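Asker: Following this line is final.txt, made up of compact mmCIF, C-alpha atoms:
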# COMPACT_ATOMS: atom_id res chain seq x y z
CA MET A 26 15.97 5.38 -14.72
CA VAL A 27 18.82 7.87 -14.66
CA ARG A 28 20.90 9.33 -11.88
CA LEU A 29 21.29 13.02 -11.33
CA LEU A 30 24.44 14.58 -12.70
CA PRO A 31 25.92 17.73 -11.19
CA ARG A 32 25.76 21.08 -12.91
CA HIS A 33 28.84 23.27 -13.13
CA ARG A 34 28.97 26.94 -12.27
CA SER A 35 31.97 29.22 -12.57
CA THR A 36 34.34 29.30 -9.58
CA LYS A 37 34.18 33.09 -9.48
CA ALA A 38 30.37 33.13 -9.44
CA MET A 39 30.32 30.52 -6.69
CA LYS A 40 32.68 32.52 -4.49
CA VAL A 41 30.81 35.78 -5.03
CA MET A 42 27.43 34.23 -4.24
CA GLN A 43 28.83 32.43 -1.22
CA LEU A 44 30.17 35.69 0.16
CA LEU A 45 26.98 37.65 -0.55
CA LEU A 46 24.67 35.04 0.93
CA THR A 47 26.85 34.55 4.01
CA LEU A 48 27.06 38.29 4.70
CA HIS A 49 23.36 38.82 4.07
CA PHE A 50 22.13 36.18 6.47
CA PHE A 51 24.75 37.00 9.10
CA LEU A 52 23.54 40.61 9.14
CA LEU A 53 19.92 39.49 9.32
CA LEU A 54 20.51 37.21 12.27
CA ARG A 55 23.20 38.78 14.42
CA ASN A 56 20.75 41.13 16.18
CA HIS A 57 18.06 38.51 16.68
CA ASN A 58 16.16 38.95 19.96
CA THR A 59 17.93 36.77 22.55
CA ALA A 60 14.72 36.03 24.46
CA HIS A 61 13.18 34.39 21.42
CA SER A 62 16.46 32.71 20.62
CA ALA A 63 16.74 31.15 24.06
CA ARG A 64 13.22 29.80 23.78
CA HIS A 65 14.18 28.11 20.52
CA LYS A 66 17.54 26.84 21.82
CA SER A 67 19.58 29.23 19.74
CA THR A 68 20.96 32.76 20.07
CA ALA A 69 21.77 35.35 17.48
CA THR A 70 25.32 35.67 18.72
CA ASP A 71 25.76 31.88 18.57
CA PHE A 72 24.50 31.68 15.00
CA ARG A 73 27.17 30.61 12.54
CA LEU A 74 26.65 29.42 9.03
CA PRO A 75 27.88 25.84 8.73
CA SER A 76 31.16 25.54 6.90
CA GLY A 77 30.44 25.50 3.18
CA SER A 78 26.68 25.63 3.78
CA HIS A 79 26.08 28.31 1.15
CA GLU A 80 28.82 27.33 -1.22
CA LEU A 81 27.44 26.83 -4.71
CA ASP A 82 29.15 23.46 -4.98
CA SER A 83 29.43 22.46 -8.61
CA THR A 84 30.27 18.89 -7.63
CA ARG A 85 27.13 18.32 -5.59
CA PRO A 86 24.05 16.74 -7.19
CA ARG A 87 20.86 18.75 -7.15
CA PRO A 88 17.50 16.82 -7.04
CA GLN A 89 13.48 17.72 -6.52
CA PRO A 90 10.38 17.53 -3.75
CA PRO A 91 6.99 15.74 -3.50
CA VAL A 92 3.88 16.73 -1.66
CA ARG A 93 3.21 19.40 0.78
CA GLN A 94 0.12 19.89 2.86
CA GLU A 95 -0.29 23.45 4.07
CA GLU A 96 -2.89 25.61 5.72
CA HIS A 97 -5.44 27.13 3.38
CA PRO A 98 -7.96 29.97 3.27
CA PRO A 99 -11.27 29.29 5.03
CA LEU A 100 -13.46 26.93 3.02
CA THR A 101 -16.89 25.37 3.33
CA ARG A 102 -16.67 22.65 5.98
CA TRP A 103 -18.40 19.30 6.16
CA PRO A 104 -18.33 16.97 9.18
CA THR A 105 -14.79 16.22 10.30
CA THR A 106 -13.07 12.98 9.39
CA SER A 107 -9.97 12.57 11.52
CA LEU A 108 -7.36 10.19 10.12
CA THR A 109 -3.78 10.41 11.34
CA ASP A 110 -0.54 10.21 9.38
CA ALA A 111 -0.29 6.65 10.64
CA ALA A 112 -2.98 5.77 8.09
CA LEU A 113 -0.47 6.51 5.34
CA PRO A 114 2.20 3.83 4.90
CA GLN A 115 5.66 5.09 5.80
CA PRO A 116 8.41 4.66 3.16
CA GLN A 117 10.84 2.87 5.46
CA ILE A 118 8.36 0.08 6.37
CA ILE A 119 6.97 -0.66 2.90
CA ALA A 120 8.25 -3.90 1.41
CA GLU A 121 6.08 -4.06 -1.72
CA LEU A 122 4.11 -1.67 -3.85
CA PRO A 123 0.34 -1.93 -4.32
CA ARG A 124 -1.05 -3.41 -7.52
CA PHE A 125 -2.92 -1.46 -10.19
CA ARG A 126 -5.08 -2.27 -13.20
CA GLU A 127 -3.75 -1.37 -16.62
CA ALA A 128 -5.14 1.98 -17.75
CA ALA A 129 -6.90 2.42 -21.04
CA SER A 130 -4.73 3.85 -23.82
CA PHE A 131 -5.43 7.38 -25.05
CA ARG A 132 -4.39 8.60 -28.49
CA ASN A 133 -3.82 11.99 -30.09
CA GLY A 134 -6.52 13.73 -32.06
CA GLU A 135 -5.91 14.93 -35.60
CA GLU A 136 -5.29 18.48 -34.39
CA CYS A 137 -2.25 17.48 -32.30
CA ALA A 138 1.25 18.57 -33.32
CA PRO A 139 3.46 15.66 -34.37
CA ILE A 140 6.36 14.69 -32.15
CA HIS A 141 9.64 15.72 -33.80
CA GLN A 142 12.50 13.91 -32.13
CA GLN A 143 15.94 15.47 -31.99
CA LYS A 144 18.42 13.60 -34.15
CA SER A 145 21.70 14.39 -32.42
CA GLY A 146 23.08 14.26 -28.91
CA GLY A 147 21.86 12.38 -25.85
CA SER A 148 20.34 8.95 -25.45
CA GLU A 149 17.40 7.73 -27.50
CA GLN A 150 15.12 8.15 -24.47
CA GLN A 151 16.28 11.72 -23.93
CA GLN A 152 15.74 12.54 -27.61
CA GLN A 153 12.15 11.31 -27.31
CA LEU A 154 11.55 13.65 -24.37
CA CYS A 155 13.16 16.76 -25.82
CA ASP A 156 10.94 17.46 -28.81
CA ALA A 157 9.37 20.89 -29.10
CA ALA A 158 5.80 19.60 -29.11
CA SER A 159 6.01 17.89 -25.70
CA VAL A 160 4.19 19.10 -22.60
CA HIS A 161 6.51 18.31 -19.69
CA ILE A 162 5.07 17.32 -16.33
CA ALA A 163 7.15 16.56 -13.23
CA MET A 164 5.93 14.63 -10.20
CA THR A 165 7.50 12.83 -7.27
CA LEU A 166 6.88 9.14 -6.61
CA ASP A 167 6.98 7.18 -3.38
CA ALA A 168 5.21 4.14 -1.99
CA ALA A 169 3.13 6.15 0.48
CA TYR A 170 1.55 8.31 -2.25
CA ILE A 171 1.79 6.04 -5.31
CA ARG A 172 -1.95 5.48 -5.35
CA GLY A 173 -2.53 9.21 -5.60
CA SER A 174 0.16 9.56 -8.28
CA ILE A 175 -1.41 6.87 -10.47
CA ALA A 176 -4.83 8.54 -10.20
CA ALA A 177 -3.29 11.91 -11.05
CA VAL A 178 -1.57 10.57 -14.18
CA LEU A 179 -4.76 8.88 -15.36
CA SER A 180 -6.75 12.08 -14.92
CA ILE A 181 -4.16 14.07 -16.89
CA VAL A 182 -3.97 11.73 -19.90
CA GLN A 183 -7.74 11.23 -19.94
CA HIS A 184 -8.59 14.93 -20.16
CA THR A 185 -6.00 16.21 -22.63
CA ALA A 186 -6.58 16.37 -26.37
CA CYS A 187 -3.01 15.27 -27.13
CA PRO A 188 -2.03 12.59 -24.59
CA GLU A 189 0.84 11.28 -26.72
CA ASN A 190 2.47 14.71 -26.51
CA LEU A 191 2.79 14.46 -22.72
CA ALA A 192 6.23 13.71 -21.29
CA PHE A 193 6.30 12.77 -17.60
CA HIS A 194 9.32 13.18 -15.36
CA PHE A 195 9.07 11.17 -12.15
CA ILE A 196 11.43 11.68 -9.23
CA ALA A 197 11.92 9.01 -6.56
CA SER A 198 14.37 8.37 -3.75
CA ARG A 199 13.58 4.70 -3.08
CA MET A 200 12.36 1.63 -4.99
CA GLU A 201 13.12 3.28 -8.32
CA GLU A 202 13.22 0.09 -10.37
CA LYS A 203 9.97 -1.24 -8.91
CA LEU A 204 8.26 2.10 -9.46
CA SER A 205 9.44 2.17 -13.07
CA VAL A 206 8.07 -1.33 -13.69
CA LEU A 207 4.78 -0.39 -12.02
CA LEU A 208 4.39 2.70 -14.23
CA SER A 209 5.17 0.75 -17.39
CA SER A 210 2.66 -1.96 -16.58
CA THR A 211 -0.09 0.49 -15.57
CA PHE A 212 0.48 2.93 -18.45
CA PRO A 213 2.09 0.94 -21.31
CA TYR A 214 1.90 3.88 -23.72
CA LEU A 215 3.12 6.62 -21.36
CA ARG A 216 6.26 8.55 -22.24
CA PHE A 217 8.18 8.98 -19.00
CA LYS A 218 11.59 9.07 -17.40
CA LEU A 219 12.42 8.21 -13.79
CA TYR A 220 15.10 10.13 -11.89
CA LYS A 221 16.93 9.16 -8.72
CA PHE A 222 16.71 11.78 -5.96
CA ASP A 223 19.70 11.89 -3.61
CA GLU A 224 18.27 12.62 -0.16
CA GLY A 225 21.78 13.35 1.12
CA ILE A 226 21.62 16.81 -0.41
CA LEU A 227 19.18 17.76 2.36
CA GLN A 228 21.23 16.47 5.27
CA GLY A 229 20.99 18.95 8.14
CA LYS A 230 18.56 21.20 6.26
CA ILE A 231 15.17 19.70 7.21
CA SER A 232 13.65 20.83 10.51
CA PRO A 233 10.65 19.31 12.37
CA SER A 234 7.28 20.24 10.91
CA VAL A 235 3.68 20.31 12.08
CA ARG A 236 3.24 16.82 10.55
CA ASN A 237 5.72 14.01 10.04
CA SER A 238 4.77 13.60 6.38
CA LEU A 239 5.95 17.17 5.69
CA GLU A 240 9.46 16.25 6.84
CA GLN A 241 10.08 13.59 4.17
CA PRO A 242 13.10 14.60 2.01
CA LEU A 243 11.21 13.93 -1.21
CA ASN A 244 8.86 16.71 -0.14
CA TYR A 245 11.68 19.15 -0.90
CA ALA A 246 12.65 17.78 -4.31
CA ARG A 247 10.79 20.42 -6.30
CA THR A 248 13.44 22.95 -5.29
CA TYR A 249 16.02 21.09 -7.39
CA ILE A 250 13.94 20.22 -10.43
CA ALA A 251 15.86 22.50 -12.81
CA ASP A 252 19.03 20.57 -12.01
CA ILE A 253 17.38 17.16 -12.24
CA LEU A 254 15.77 17.42 -15.67
CA PRO A 255 17.84 17.46 -18.89
CA SER A 256 18.96 20.90 -20.04
CA CYS A 257 16.95 20.53 -23.26
CA ILE A 258 13.77 20.91 -21.18
CA LYS A 259 13.07 24.61 -20.78
CA ARG A 260 9.72 24.57 -18.97
CA VAL A 261 7.85 22.12 -16.77
CA ILE A 262 4.57 21.80 -14.93
CA TYR A 263 5.16 20.56 -11.39
CA LEU A 264 2.24 18.69 -9.81
CA ASP A 265 1.68 17.08 -6.42
CA SER A 266 0.53 13.48 -6.09
CA ASP A 267 -2.74 14.18 -4.28
CA LEU A 268 -4.71 15.83 -7.08
CA ILE A 269 -6.68 15.14 -10.23
CA VAL A 270 -6.87 17.26 -13.38
CA VAL A 271 -10.29 17.63 -15.04
CA ASP A 272 -9.28 19.95 -17.87
CA ASP A 273 -6.72 19.89 -20.66
CA VAL A 274 -3.31 20.32 -19.03
CA ALA A 275 -2.05 21.92 -22.26
CA LYS A 276 -3.93 25.07 -21.22
CA LEU A 277 -1.84 25.22 -18.05
CA TRP A 278 1.30 24.57 -20.09
CA ARG A 279 0.66 27.69 -22.18
CA THR A 280 0.72 29.98 -19.13
CA ASP A 281 2.47 33.30 -19.77
CA LEU A 282 5.06 33.63 -16.99
CA ASN A 283 5.76 37.29 -17.86
CA GLY A 284 9.46 36.89 -17.18
CA HIS A 285 9.03 35.20 -13.79
CA ALA A 286 10.77 32.00 -12.71
CA LEU A 287 7.45 30.37 -11.87
CA ALA A 288 3.71 30.90 -11.98
CA ALA A 289 1.00 29.54 -9.68
CA PRO A 290 -2.54 30.37 -8.56
CA GLN A 291 -2.32 33.10 -5.90
CA TYR A 292 -4.49 34.00 -2.92
CA CYS A 293 -3.95 37.60 -1.86
CA HIS A 294 -6.72 37.92 0.74
CA VAL A 295 -5.45 35.33 3.23
CA ASP A 296 -3.72 36.12 6.52
CA PHE A 297 -0.14 35.80 5.35
CA SER A 298 1.21 36.14 8.88
CA HIS A 299 -0.13 32.64 9.57
CA TYR A 300 2.71 31.04 7.58
CA PHE A 301 5.48 32.33 9.88
CA ASN A 302 5.73 32.52 13.66
CA SER A 303 6.45 35.39 16.04
CA VAL A 304 10.19 34.78 15.94
CA PHE A 305 10.10 35.84 12.30
CA TRP A 306 7.58 38.69 12.45
CA GLU A 307 9.01 40.30 15.60
CA ASN A 308 12.47 40.50 14.09
CA ALA A 309 12.50 43.57 11.88
CA GLN A 310 15.53 42.39 9.94
CA LEU A 311 14.08 39.00 9.10
CA SER A 312 10.61 40.24 8.19
CA ALA A 313 12.14 43.02 6.07
CA VAL A 314 12.54 40.42 3.32
CA PHE A 315 8.88 41.08 2.45
CA ARG A 316 9.22 44.87 2.36
CA GLY A 317 7.70 46.31 -0.79
CA ARG A 318 6.20 43.00 -1.89
CA LYS A 319 2.53 42.12 -2.29
CA LEU A 320 2.10 39.19 0.08
CA CYS A 321 0.05 36.59 -1.72
CA TYR A 322 -0.06 32.95 -0.65
CA PHE A 323 0.49 30.30 -3.32
CA ASN A 324 0.48 26.52 -3.04
CA THR A 325 3.60 24.83 -4.39
CA GLY A 326 1.70 21.72 -5.47
CA VAL A 327 0.82 23.28 -8.84
CA MET A 328 3.48 25.38 -10.55
CA VAL A 329 4.64 26.19 -14.05
CA MET A 330 8.40 26.70 -13.91
CA ASP A 331 10.84 28.39 -16.28
CA LEU A 332 13.78 26.02 -15.92
CA GLU A 333 16.12 28.19 -17.98
CA LYS A 334 15.63 31.06 -15.56
CA TRP A 335 16.16 28.73 -12.58
CA ARG A 336 19.41 27.48 -14.08
CA ARG A 337 20.72 31.00 -14.69
CA SER A 338 19.78 32.27 -11.24
CA TYR A 339 20.38 31.34 -7.59
CA TYR A 340 16.89 30.47 -6.40
CA VAL A 341 18.03 27.09 -5.07
CA GLN A 342 20.73 28.71 -2.95
CA ALA A 343 18.29 31.31 -1.59
CA ILE A 344 15.80 28.60 -0.61
CA GLU A 345 18.55 26.56 1.02
CA CYS A 346 19.70 29.61 2.99
CA TRP A 347 16.23 30.06 4.49
CA MET A 348 16.08 26.35 5.30
CA GLU A 349 19.31 26.72 7.27
CA VAL A 350 17.99 29.81 9.03
CA GLN A 351 15.00 27.66 10.02
CA THR A 352 17.25 24.99 11.55
CA LYS A 353 18.84 27.66 13.77
CA LEU A 354 15.91 29.90 14.69
CA ARG A 355 12.68 28.04 13.79
CA ILE A 356 10.69 30.75 12.03
CA TYR A 357 7.89 28.56 10.54
CA GLU A 358 6.11 25.21 10.99
CA LEU A 359 5.03 24.10 7.53
CA GLY A 360 7.84 22.17 5.88
CA SER A 361 8.84 23.04 2.31
CA LEU A 362 6.28 25.79 1.61
CA PRO A 363 7.64 28.77 3.64
CA PRO A 364 11.06 28.94 1.93
CA PHE A 365 9.27 29.26 -1.41
CA LEU A 366 7.12 32.06 0.01
CA LEU A 367 10.19 33.84 1.37
CA VAL A 368 11.86 33.80 -2.03
CA PHE A 369 8.91 34.11 -4.42
CA ALA A 370 5.81 35.60 -2.73
CA GLY A 371 4.74 38.62 -4.78
CA ARG A 372 7.21 37.72 -7.51
CA ILE A 373 5.44 35.04 -9.57
CA GLY A 374 3.30 34.86 -12.69
CA GLU A 375 -0.48 34.61 -12.55
CA ILE A 376 -2.49 31.43 -13.07
CA GLU A 377 -6.26 31.22 -12.71
CA ASN A 378 -7.37 29.81 -9.35
CA ARG A 379 -9.36 27.15 -11.18
CA TRP A 380 -6.02 25.34 -11.63
CA ASN A 381 -5.59 24.67 -7.93
CA GLN A 382 -8.79 24.07 -6.01
CA HIS A 383 -6.64 23.19 -3.03
CA GLY A 384 -7.25 22.36 0.62
CA LEU A 385 -9.60 19.42 -0.01
CA GLY A 386 -7.58 17.36 2.47
CA GLY A 387 -8.50 19.72 5.28
CA ASP A 388 -6.02 21.35 7.61
CA ASN A 389 -2.73 19.93 8.86
CA LEU A 390 -4.08 18.60 12.16
CA GLN A 391 -7.60 17.23 11.72
CA GLY A 392 -7.97 16.71 7.96
CA GLU A 393 -11.64 17.64 8.05
CA CYS A 394 -13.88 17.65 4.99
CA ARG A 395 -13.94 20.84 2.97
CA GLY A 396 -15.74 22.22 -0.03
CA LEU A 397 -14.54 24.00 -3.15
CA HIS A 398 -13.57 27.61 -3.53
CA SER A 399 -16.08 29.59 -5.58
CA GLY A 400 -15.54 29.58 -9.32
CA ALA A 401 -14.64 27.14 -12.08
CA VAL A 402 -12.62 23.98 -11.49
CA SER A 403 -9.82 22.57 -13.66
CA LEU A 404 -7.83 20.81 -10.93
CA LEU A 405 -8.86 19.39 -7.53
CA HIS A 406 -6.11 19.17 -4.94
CA TRP A 407 -6.33 17.23 -1.67
CA SER A 408 -3.59 19.24 0.03
CA GLY A 409 -3.87 19.00 3.80
CA LYS A 410 -3.90 16.01 6.09
CA GLY A 411 -6.77 13.98 4.66
CA LYS A 412 -6.17 11.92 1.52
CA PRO A 413 -9.09 10.55 -0.51
CA TRP A 414 -7.76 7.00 -0.82
CA VAL A 415 -7.22 6.77 2.94
CA ARG A 416 -10.71 8.06 3.76
CA LEU A 417 -12.34 5.84 1.13
CA ASP A 418 -10.58 2.74 2.46
CA ALA A 419 -11.62 3.67 6.00
CA GLY A 420 -15.26 3.96 4.89
CA LYS A 421 -15.31 7.64 5.94
CA PRO A 422 -15.08 9.56 2.66
CA CYS A 423 -15.78 13.24 2.32
CA PRO A 424 -18.26 14.23 -0.41
CA LEU A 425 -15.55 15.44 -2.79
CA ASP A 426 -13.53 12.24 -2.36
CA MET A 427 -16.09 10.60 -4.62
CA LEU A 428 -14.78 12.76 -7.49
CA TRP A 429 -11.33 11.21 -7.02
CA ALA A 430 -12.56 7.61 -6.83
CA PRO A 431 -13.18 7.05 -10.60
CA TYR A 432 -9.46 7.58 -11.27
CA ASP A 433 -8.37 5.01 -8.69
CA LEU A 434 -6.81 2.01 -10.50
CA HIS A 435 -5.78 0.29 -7.29
CA ILE A 436 -6.49 -3.45 -7.09
CA LYS A 437 -7.75 -4.00 -3.59
CA THR A 438 -6.63 -7.10 -1.74
CA GLN A 439 -9.07 -9.39 0.05
CA GLN A 440 -7.83 -10.66 3.36
CA LYS A 441 -8.77 -14.23 4.28
CA VAL A 442 -7.82 -16.36 7.24
CA GLU A 443 -6.70 -19.86 6.31
CA THR A 444 -5.07 -22.18 8.84
CA GLY A 445 -3.64 -19.30 10.75
CA SER A 446 -2.10 -17.58 7.72
CA LEU A 447 -3.16 -14.79 5.43
CA SER A 448 -3.94 -15.18 1.77
CA PHE A 449 -4.68 -12.30 -0.56
CA GLY A 450 -7.07 -12.05 -3.42
CA PRO A 451 -6.09 -10.76 -6.84
Could you take the file, read its structure, and then write that structure out as structure tokens?
Answerer:
Amino acid sequence: MVRLLPRHRSTKAMKVMQLLLTLHFFLLLRNHNTAHSARHKSTATDFRLPSGSHELDSTRPRPQPPVRQEEHPPLTRWPTTSLTDAALPQPQIIAELPRFREAASFRNGEECAPIHQQKSGGSEQQQQLCDAASVHIAMTLDAAYIRGSIAAVLSIVQHTACPENLAFHFIASRMEEKLSVLLSSTFPYLRFKLYKFDEGILQGKISPSVRNSLEQPLNYARTYIADILPSCIKRVIYLDSDLIVVDDVAKLWRTDLNGHALAAPQYCHVDFSHYFNSVFWENAQLSAVFRGRKLCYFNTGVMVMDLEKWRRSYYVQAIECWMEVQTKLRIYELGSLPPFLLVFAGRIGEIENRWNQHGLGGDNLQGECRGLHSGAVSLLHWSGKGKPWVRLDAGKPCPLDMLWAPYDLHIKTQQKVETGSLSFGP
């Protein structure tokens, strides 16, 4: 486990960006319609950027987010299974992690490139992760979604031709040591590194969402991934915890970003207005951010990211600015997704839709059963309210949940009553 170290930017660049961002958002918001502002307990004239809120602070750590469950294009529906967020364990009330069986080991085929470790600079562990042949995958870890994360990792290593060339980067904000031990015992041969995410970086930036689970700080960690991972890592695949991969992830790794900071499967025929409310769309200055852009929805649970470009640019600051606008004016309801859309919609590289068959968890309120989008499938993603492990345990699985079940290494406990106490099976 390592702790995040700050990155340093020039003082001049910080001051220039602070001034530009402050002026830009002040101009956008000063003429905001007062009727809408009153309804949302804020006015345009009252809006002031918090002191230092947009300063590109070189002394502040920058971490990364876990899972997001957003609305999705219409899909085939099966009978509704309604399970609330209460069915998912909450991080603050979890004392112990679940137990998992040890996964089978998977080895490289003869066609795989050998791992060439760097010989100078950095720790031994970092050298092992920085070789040119590695495929880097980043995920967040927490107790509430650990069962999904373990299934996702198993599916990835099982379906790639070169599993020993995978390098996993896990980001957690709690129970880091226990999570590291759990990963090592479940996947003894896995190359991975665990990073501590400082939730304090998001203080005052997270606003209420349509679901409590979307408000968890770790849900925002993906924004900071370029600053979390070592500088020797130039590209990474970011994946949510509620998915399985049924194709060789190396194909996704080879995505041509065409000069963009990230690439993701896009959906250009959805009603994009759904992702922002009337406060945003009725303000000409706010909605002008999309002028001249092709408005295509993308899900942030599957992304290929150019970390060098992120480190050279100010995407993190732009996302943070929109998060602060949200805390003042409330322009959306869906957690960490909308700021990414505001900054990147229409400005990302293309990935085939087969790499994110998303929405299998249903919508954000009911979590009803859904079917697949038309076309081929390389990755199944249970974004939305319903999670396969929760529905399976409740005895109310959706048809596609049965495709997730074979990757579940969870050791289920057996509850017995003995002299008024509880004992648990292996």
Asker: Looking at all atoms listed in the file, which of A:Ser338, A:Val270, A:Gly371, A:Ala343 is the one that sits closest to Leu320 of chain A?
Answerer: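 Smallest separation from Leu320 of chain A among the options: A:Gly371.
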Asker: Residues within 10 Å of Ala192 of chain A, please, as a JSON list (two decimals) with C-alpha atoms, in the frame of the given file. Count only C-alpha atoms; anything in the same chain fewer than 5 positions from it doesn't count.
Answerer:
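Wrote out20.json, looks like this:
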[["chain", "number", "residue", "atom", "x", "y", "z"],
["A", 153, "GLN", "CA", 12.15, 11.31, -27.31],
["A", 154, "LEU", "CA", 11.55, 13.65, -24.37],
["A", 155, "CYS", "CA", 13.16, 16.76, -25.82],
["A", 156, "ASP", "CA", 10.94, 17.46, -28.81],
["A", 158, "ALA", "CA", 5.80, 19.60, -29.11],
["A", 159, "SER", "CA", 6.01, 17.89, -25.70],
["A", 160, "VAL", "CA", 4.19, 19.10, -22.60],
["A", 161, "HIS", "CA", 6.51, 18.31, -19.69],
["A", 162, "ILE", "CA", 5.07, 17.32, -16.33],
["A", 163, "ALA", "CA", 7.15, 16.56, -13.23],
["A", 215, "LEU", "CA", 3.12, 6.62, -21.36],
["A", 216, "ARG", "CA", 6.26, 8.55, -22.24],
["A", 217, "PHE", "CA", 8.18, 8.98, -19.00],
["A", 218, "LYS", "CA", 11.59, 9.07, -17.40],
["A", 261, "VAL", "CA", 7.85, 22.12, -16.77]]
Asker: Set out as a Markdown table a contact list for segment 241-328 of chain A and segment 388-407 of chain A with a cut-off of 9 Å, giving each residue of segment 241-328 of chain A that qualifies its closest atom pair and distance in Å to one decimal, counting all atoms listed in the file, ordered by chain and rising residue number.
Answerer:
| residue | atom | partner | partner_atom | distance |
| --- | --- | --- | --- | --- |
| A:Asp265 | CA | A:His406 | CA | 8.2 |
| A:Ser266 | CA | A:His406 | CA | 8.8 |
| A:Asp267 | CA | A:Trp407 | CA | 5.4 |
| A:Leu268 | CA | A:His406 | CA | 4.2 |
| A:Ile269 | CA | A:Leu405 | CA | 5.5 |
| A:Val270 | CA | A:Leu404 | CA | 4.4 |
| A:Val271 | CA | A:Ser403 | CA | 5.2 |
| A:Asp272 | CA | A:Ser403 | CA | 5.0 |
| A:Asp273 | CA | A:Ser403 | CA | 8.1 |
| A:Val274 | CA | A:Ser403 | CA | 8.7 |
| A:Gly326 | CA | A:His406 | CA | 8.2 |
| A:Val327 | CA | A:His406 | CA | 9.0 |
Asker: With distances taken over only C-alpha atoms, which of A:Asp331, A:Glu345, A:Asp418, A:Glu189 is nearest to Arg279 of chain A?
Answerer: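 Nearest to Arg279 of chain A: A:Asp331.
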Asker: What is the distance between atom CA of Glu201 of chain A and atom CA of Pro431 of chain A, in Å to one decimal?
Answerer: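 Straight-line distance from atom CA of Glu201 of chain A to atom CA of Pro431 of chain A works out to 26.7 Å.
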Asker: Please provide the set of residues having any atom within 7 Å of Cys321 of chain A, restricted to all atoms listed in the file, with same-chain residues fewer than 6 positions apart removed, written as a VMD selection string.
Answerer: chain A and resid 291 to 293 370 to 371
Asker: So the first atom is atom CA of Val178 of chain A and the second is atom CA of Val368 of chain A; what is the distance between them in Å, to one decimal place?
Answerer: 29.5 Å
Asker: Using all atoms listed in the file, which residues sit within 6 Å of Cys187 of chain A once same-chain residues fewer than 3 positions away are excluded, as a list in words?
Answerer: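 With the cut-off at 6 Å, the set is Asn133, Cys137 and Asn190 of chain A.
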